[in-house]
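Q: What follows is target11.cif; its format and atoms are mmCIF, C-alpha atoms.
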data_model
#
loop_
_atom_site.group_PDB
_atom_site.id
_atom_site.type_symbol
_atom_site.label_atom_id
_atom_site.label_comp_id
_atom_site.auth_asym_id
_atom_site.auth_seq_id
_atom_site.Cartn_x
_atom_site.Cartn_y
_atom_site.Cartn_z
ATOM 1 C CA MET O 82 103.457 100.354 98.501
ATOM 2 C CA ARG O 83 105.239 102.092 95.634
ATOM 3 C CA CYS O 84 104.076 103.903 92.516
ATOM 4 C CA ALA O 85 103.776 101.517 89.583
ATOM 5 C CA ALA O 86 105.243 104.134 87.231
ATOM 6 C CA CYS O 87 108.059 105.896 89.109
ATOM 7 C CA ASN O 88 108.613 103.695 92.181
ATOM 8 C CA VAL O 89 108.221 106.407 94.888
ATOM 9 C CA LEU O 90 106.525 105.501 98.150
ATOM 10 C CA LEU O 91 102.785 106.112 98.082
ATOM 11 C CA THR O 92 100.939 107.948 100.824
ATOM 12 C CA ASP O 93 97.941 106.222 102.399
ATOM 13 C CA TYR O 94 95.697 108.406 100.259
ATOM 14 C CA GLU O 95 97.499 107.464 97.025
ATOM 15 C CA ALA O 96 97.664 103.779 97.958
ATOM 16 C CA THR O 97 93.895 103.526 98.447
ATOM 17 C CA ARG O 98 92.808 105.215 95.185
ATOM 18 C CA LYS O 99 90.673 102.799 93.139
ATOM 19 C CA SER O 100 89.191 102.747 89.666
ATOM 20 C CA ALA O 101 85.442 103.359 89.933
ATOM 21 C CA GLU O 102 84.865 101.028 86.990
ATOM 22 C CA THR O 103 87.019 98.004 87.868
ATOM 23 C CA MET O 104 87.437 98.567 91.636
ATOM 24 C CA GLU O 105 91.167 97.836 91.199
ATOM 25 C CA TYR O 106 93.785 99.966 92.936
ATOM 26 C CA ILE O 107 95.443 102.552 90.691
ATOM 27 C CA ASP O 108 98.865 102.393 92.470
ATOM 28 C CA LEU O 109 100.129 105.715 91.108
ATOM 29 C CA CYS O 110 101.556 108.664 93.029
ATOM 30 C CA ASN O 111 99.770 111.985 92.590
ATOM 31 C CA ASN O 112 102.400 113.147 90.096
ATOM 32 C CA CYS O 113 101.980 110.142 87.816
ATOM 33 C CA TYR O 114 98.207 110.072 88.333
ATOM 34 C CA SER O 115 97.995 113.692 87.165
ATOM 35 C CA TYR O 116 98.635 112.491 83.597
ATOM 36 C CA ILE O 117 95.494 110.295 83.565
ATOM 37 C CA VAL O 118 93.212 112.139 85.992
ATOM 38 C CA ASP O 119 90.843 113.218 83.191
ATOM 39 C CA ASP O 120 90.639 109.695 81.749
ATOM 40 C CA VAL O 121 89.868 107.599 84.840
ATOM 41 C CA ASP O 122 87.009 107.895 87.331
ATOM 42 C CA THR O 123 88.244 107.021 90.797
ATOM 43 C CA ILE O 124 87.075 106.372 94.305
ATOM 44 C CA ASP O 125 89.291 108.279 96.727
ATOM 45 C CA ARG O 126 89.520 108.033 100.518
ATOM 46 C CA GLU O 127 89.239 111.729 101.338
ATOM 47 C CA ASP O 128 89.633 110.931 105.040
ATOM 48 C CA LEU O 129 93.217 109.848 104.286
ATOM 49 C CA ARG O 130 94.136 113.015 102.368
ATOM 50 C CA ASP O 131 97.080 114.775 104.017
ATOM 51 C CA ILE O 132 98.866 118.081 103.465
ATOM 52 C CA ALA O 133 101.477 116.173 101.426
ATOM 53 C CA ASP O 134 98.710 115.091 99.046
ATOM 54 C CA GLU O 135 97.582 118.689 98.586
ATOM 55 C CA GLU O 136 100.933 120.079 97.470
ATOM 56 C CA GLU O 137 101.221 120.416 93.745
ATOM 57 C CA THR O 138 104.532 119.039 92.595
ATOM 58 C CA LEU O 139 106.141 118.814 89.211
ATOM 59 C CA PRO O 140 106.889 115.462 87.614
ATOM 60 C CA HIS O 141 110.080 113.865 88.907
ATOM 61 C CA ASP O 142 111.984 114.445 85.676
ATOM 62 C CA TYR O 143 111.187 118.168 85.389
ATOM 63 C CA ASP O 144 114.171 120.516 85.169
ATOM 64 C CA GLU O 145 113.039 123.963 86.358
ATOM 65 C CA GLU O 146 116.230 125.612 85.159
ATOM 66 C CA ASP O 147 115.686 124.664 81.535
ATOM 67 C CA ASP O 148 111.895 124.182 81.668
ATOM 68 C CA LEU O 149 112.488 120.839 79.966
ATOM 69 C CA PHE O 150 111.569 117.267 80.733
ATOM 70 C CA ARG O 151 114.494 114.866 80.888
ATOM 71 C CA TYR O 152 114.048 111.411 79.355
#
I'd like the structure from this file rewritten - as structure tokens, please.

A:
Amino acid sequence: MRCAACNVLLTDYEATRKSAETMEYIDLCNNCYSYIVDDVDTIDREDLRDIADEEETLPHDYDEEDDLFRY
């Protein structure tokens, strides 16, 4: 399964995240999900959370050197 926004492979934890309202899968990696986390209530499978899911990462298009987002 891949992220619907950026096409990276999803972890088991990311792939099983569901909307609490519609019960549909979110299908977003943690980076892309971070943009909507305050807007969507989810049901997460905490038993599938891994160390890779804990690491905070910057969005894929972030350029640390310039502190700019590339579009």

Q: Specify as a ChimeraX atom specification each residue included when the PyMOL selection byres ((chain O and resi 101) around 9) is applied to this file.

A: /O:99-100,102-105,121-124

Q: Store the residues picked out above in a file with C-alpha atoms, as a compact mmCIF listing (two decimals), keeping the file's coordinate frame.

A:
# COMPACT_ATOMS: atom_id res chain seq x y z
CA LYS O 99 90.67 102.80 93.14
CA SER O 100 89.19 102.75 89.67
CA GLU O 102 84.86 101.03 86.99
CA THR O 103 87.02 98.00 87.87
CA MET O 104 87.44 98.57 91.64
CA GLU O 105 91.17 97.84 91.20
CA VAL O 121 89.87 107.60 84.84
CA ASP O 122 87.01 107.90 87.33
CA THR O 123 88.24 107.02 90.80
CA ILE O 124 87.08 106.37 94.30

Q: Please measure the separation of CA of Asp93 in chain O and CA of Arg130 in chain O, giving the value in Å to one decimal.

A: 7.8 Å

Q: Assuming the chain letters and numbering stay as they are in my file, what does the PyMOL selection byres ((chain O and resi 82-89) around 8) actually select? List them as a ChimeraX atom specification.

A: /O:90-91,96,108-110,113

Q: How big is the axis-aligned box, and where does its centre sit, when it encloses all atoms of range 101-117 of chain O listed in the file and has 4 Å added on every side, reported in Å to one decimal as AutoDock Vina command-line options?

A:
--center_x 93.6 --center_y 105.8 --center_z 88.3 --size_x 25.5 --size_y 23.9 --size_z 17.5

Q: Using only C-alpha atoms, which of O:Thr92, O:Asp134, O:Asp120, O:Asp125 sits nearest Tyr106 in chain O?

A: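 Among O:Thr92, O:Asp134, O:Asp120, O:Asp125, it is O:Asp125 that comes nearest to Tyr106 in chain O.
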
Q: One decimal, Å: what's the distance from CA of Val118 in chain O over to CA of Ala133 in chain O, could you say?

A: 18.0 Å
